[in-house]
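Chemist: Let me begin by handing over the structure; questions about it come next.
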Amino acid sequence: MKITRPDGKSHAWTSNRTREMISGISTPLYRQDDIFQITGSADGTNINDVKYHAEITSALRKEVSCKWIVSGIVVVTPGKKAPRTLDFGAGICDDDATVTIKGQTYPIKLK
């Protein structure tokens with residue numbers, strides 16, 4: 001995929017992602033109990049022409065009843081910088097996550 005802004009700058013990436021329904025298949029008319037597991041990776045170039053790689057190292061869990069991803073880990077390596085590990089937590093439906101860079105962990109709020 002490629003997105004080009006009016007100023008000509010673009011962000012392009014390719015990804016390989018698997019989204020598997022792990023709960024809710026037996027209730028097709030009731031979506032609130034649907035739960036998905038997401039795995040995969042992506043490679044791209046951001047608008048500043050920096051290449052990056054992203055890898056889901058622990059499957060992401062997305063519950064339809066929750067606005068946020070409730071668990072899982074993604075490691076993003078931007079260019080030649082240290083990898084950033086994004087941890088969505090242990091399964092609680094909240095907007096709390098952490099980012100770890102060079103062994104230092106920072107709390108973040110998801111939007």
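Identifiers for the structure tokens are assigned positionally: chains receive A, B, ... in sequence, residues are indexed from 1 per chain, and ligands are indexed from 1 in the order shown.
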Would you mind listing what lies within 9 Å of Gly89 (chain A) as a ChimeraX atom specification, with only C-alpha atoms counted and same-chain residues fewer than 3 positions away left out?

Modeler: /A:69-73,92,94,96-98

Chemist: Taking all heavy atoms for each residue, export the selection above as an mmCIF file, in the first residue's frame.

Modeler:
data_model
loop_
_atom_site.group_PDB
_atom_site.id
_atom_site.type_symbol
_atom_site.label_atom_id
_atom_site.label_comp_id
_atom_site.auth_asym_id
_atom_site.auth_seq_id
_atom_site.Cartn_x
_atom_site.Cartn_y
_atom_site.Cartn_z
ATOM 1 N N ILE A 69 -6.584 -3.146 21.359
ATOM 2 C CA ILE A 69 -5.977 -4.475 21.389
ATOM 3 C C ILE A 69 -5.699 -4.758 22.859
ATOM 4 O O ILE A 69 -5.148 -3.911 23.568
ATOM 5 C CB ILE A 69 -4.686 -4.504 20.539
ATOM 6 C CG1 ILE A 69 -5.048 -4.310 19.065
ATOM 7 C CG2 ILE A 69 -3.908 -5.782 20.773
ATOM 8 C CD1 ILE A 69 -3.857 -4.106 18.157
ATOM 9 N N VAL A 70 -6.068 -5.943 23.352
ATOM 10 C CA VAL A 70 -5.963 -6.210 24.789
ATOM 11 C C VAL A 70 -4.677 -6.923 25.198
ATOM 12 O O VAL A 70 -4.318 -6.905 26.383
ATOM 13 C CB VAL A 70 -7.193 -6.985 25.318
ATOM 14 C CG1 VAL A 70 -8.471 -6.182 25.105
ATOM 15 C CG2 VAL A 70 -7.298 -8.356 24.691
ATOM 16 N N SER A 71 -3.989 -7.561 24.244
ATOM 17 C CA SER A 71 -2.715 -8.198 24.581
ATOM 18 C C SER A 71 -1.923 -8.451 23.302
ATOM 19 O O SER A 71 -2.453 -8.380 22.194
ATOM 20 C CB SER A 71 -2.927 -9.510 25.350
ATOM 21 O OG SER A 71 -3.582 -10.466 24.554
ATOM 22 N N GLY A 72 -0.652 -8.773 23.498
ATOM 23 C CA GLY A 72 0.229 -9.055 22.374
ATOM 24 C C GLY A 72 1.401 -8.103 22.331
ATOM 25 O O GLY A 72 1.425 -7.084 23.040
ATOM 26 N N ILE A 73 2.393 -8.466 21.504
ATOM 27 C CA ILE A 73 3.623 -7.675 21.417
ATOM 28 C C ILE A 73 4.014 -7.478 19.961
ATOM 29 O O ILE A 73 3.995 -8.429 19.167
ATOM 30 C CB ILE A 73 4.776 -8.368 22.179
ATOM 31 C CG1 ILE A 73 4.429 -8.452 23.668
ATOM 32 C CG2 ILE A 73 6.098 -7.642 21.964
ATOM 33 C CD1 ILE A 73 5.408 -9.258 24.485
ATOM 34 N N ILE A 92 -6.451 -7.121 29.603
ATOM 35 C CA ILE A 92 -7.467 -6.235 30.179
ATOM 36 C C ILE A 92 -7.870 -5.198 29.129
ATOM 37 O O ILE A 92 -7.025 -4.645 28.429
ATOM 38 C CB ILE A 92 -6.922 -5.535 31.441
ATOM 39 C CG1 ILE A 92 -6.577 -6.575 32.501
ATOM 40 C CG2 ILE A 92 -7.904 -4.511 31.987
ATOM 41 C CD1 ILE A 92 -5.792 -6.025 33.673
ATOM 42 N N ASP A 94 -8.227 -1.964 28.306
ATOM 43 C CA ASP A 94 -7.904 -0.607 28.722
ATOM 44 C C ASP A 94 -6.985 0.028 27.678
ATOM 45 O O ASP A 94 -6.563 -0.624 26.734
ATOM 46 C CB ASP A 94 -7.265 -0.573 30.118
ATOM 47 C CG ASP A 94 -5.955 -1.339 30.204
ATOM 48 O OD1 ASP A 94 -5.303 -1.573 29.155
ATOM 49 O OD2 ASP A 94 -5.558 -1.711 31.314
ATOM 50 N N ASP A 96 -3.994 1.209 28.259
ATOM 51 C CA ASP A 96 -2.627 1.190 28.757
ATOM 52 C C ASP A 96 -1.758 0.216 27.957
ATOM 53 O O ASP A 96 -2.176 -0.902 27.656
ATOM 54 C CB ASP A 96 -2.592 0.769 30.234
ATOM 55 C CG ASP A 96 -3.255 1.782 31.143
ATOM 56 O OD1 ASP A 96 -3.138 2.991 30.866
ATOM 57 O OD2 ASP A 96 -3.902 1.360 32.110
ATOM 58 N N ALA A 97 -0.549 0.652 27.640
ATOM 59 C CA ALA A 97 0.435 -0.188 26.971
ATOM 60 C C ALA A 97 1.807 0.320 27.396
ATOM 61 O O ALA A 97 1.917 1.328 28.097
ATOM 62 C CB ALA A 97 0.275 -0.103 25.452
ATOM 63 N N THR A 98 2.846 -0.396 26.974
ATOM 64 C CA THR A 98 4.202 0.063 27.251
ATOM 65 C C THR A 98 5.038 -0.027 25.987
ATOM 66 O O THR A 98 4.770 -0.830 25.097
ATOM 67 C CB THR A 98 4.895 -0.773 28.355
ATOM 68 O OG1 THR A 98 4.980 -2.134 27.928
ATOM 69 C CG2 THR A 98 4.161 -0.668 29.680
#

Chemist: Env of Asp34 (chain A): 10 Å cut, atoms = only C-alpha atoms, seq-sep filter 5 positions within chain, self excluded. Answer as a PyMOL selection string.

Modeler: chain A and resi 21-28+62-65

Chemist: Which of chain A end up as strand (DSSP E or B) when DSSP is run on this backbone - answer as a PyMOL selection string?

Modeler: chain A and resi 2-4+10-23+35-45+51-63+69-78+84-90+96-101+104-109

Chemist: Please list as number ranges by chain every residue within 12 Å of region 103-106 of chain A, counting only C-alpha atoms and excluding residues in the same chain fewer than 3 positions away.

Modeler: A: 82-87, 96-100, 109

Chemist: Can those selected residues be exported to a file as an mmCIF file, in the first residue's frame so that it contains C-alpha atoms?

Modeler:
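Final output, saved to result11.cif:
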data_model
loop_
_atom_site.group_PDB
_atom_site.id
_atom_site.type_symbol
_atom_site.label_atom_id
_atom_site.label_comp_id
_atom_site.auth_asym_id
_atom_site.auth_seq_id
_atom_site.Cartn_x
_atom_site.Cartn_y
_atom_site.Cartn_z
ATOM 1 C CA ALA A 82 17.157 0.360 18.357
ATOM 2 C CA PRO A 83 14.029 -1.811 18.177
ATOM 3 C CA ARG A 84 10.927 -0.557 19.956
ATOM 4 C CA THR A 85 8.855 -3.212 21.735
ATOM 5 C CA LEU A 86 5.180 -2.319 22.052
ATOM 6 C CA ASP A 87 3.402 -4.444 24.661
ATOM 7 C CA ASP A 96 -2.627 1.190 28.757
ATOM 8 C CA ALA A 97 0.435 -0.188 26.971
ATOM 9 C CA THR A 98 4.202 0.063 27.251
ATOM 10 C CA VAL A 99 7.054 0.786 24.864
ATOM 11 C CA THR A 100 10.529 -0.543 25.637
ATOM 12 C CA LYS A 109 -1.918 5.555 26.429
#

Chemist: Quick one: residues within 8 Å of Ile47 (chain A), only C-alpha atoms, excluding same-chain residues fewer than 6 positions away - as number ranges by chain?

Modeler: A: 9-11
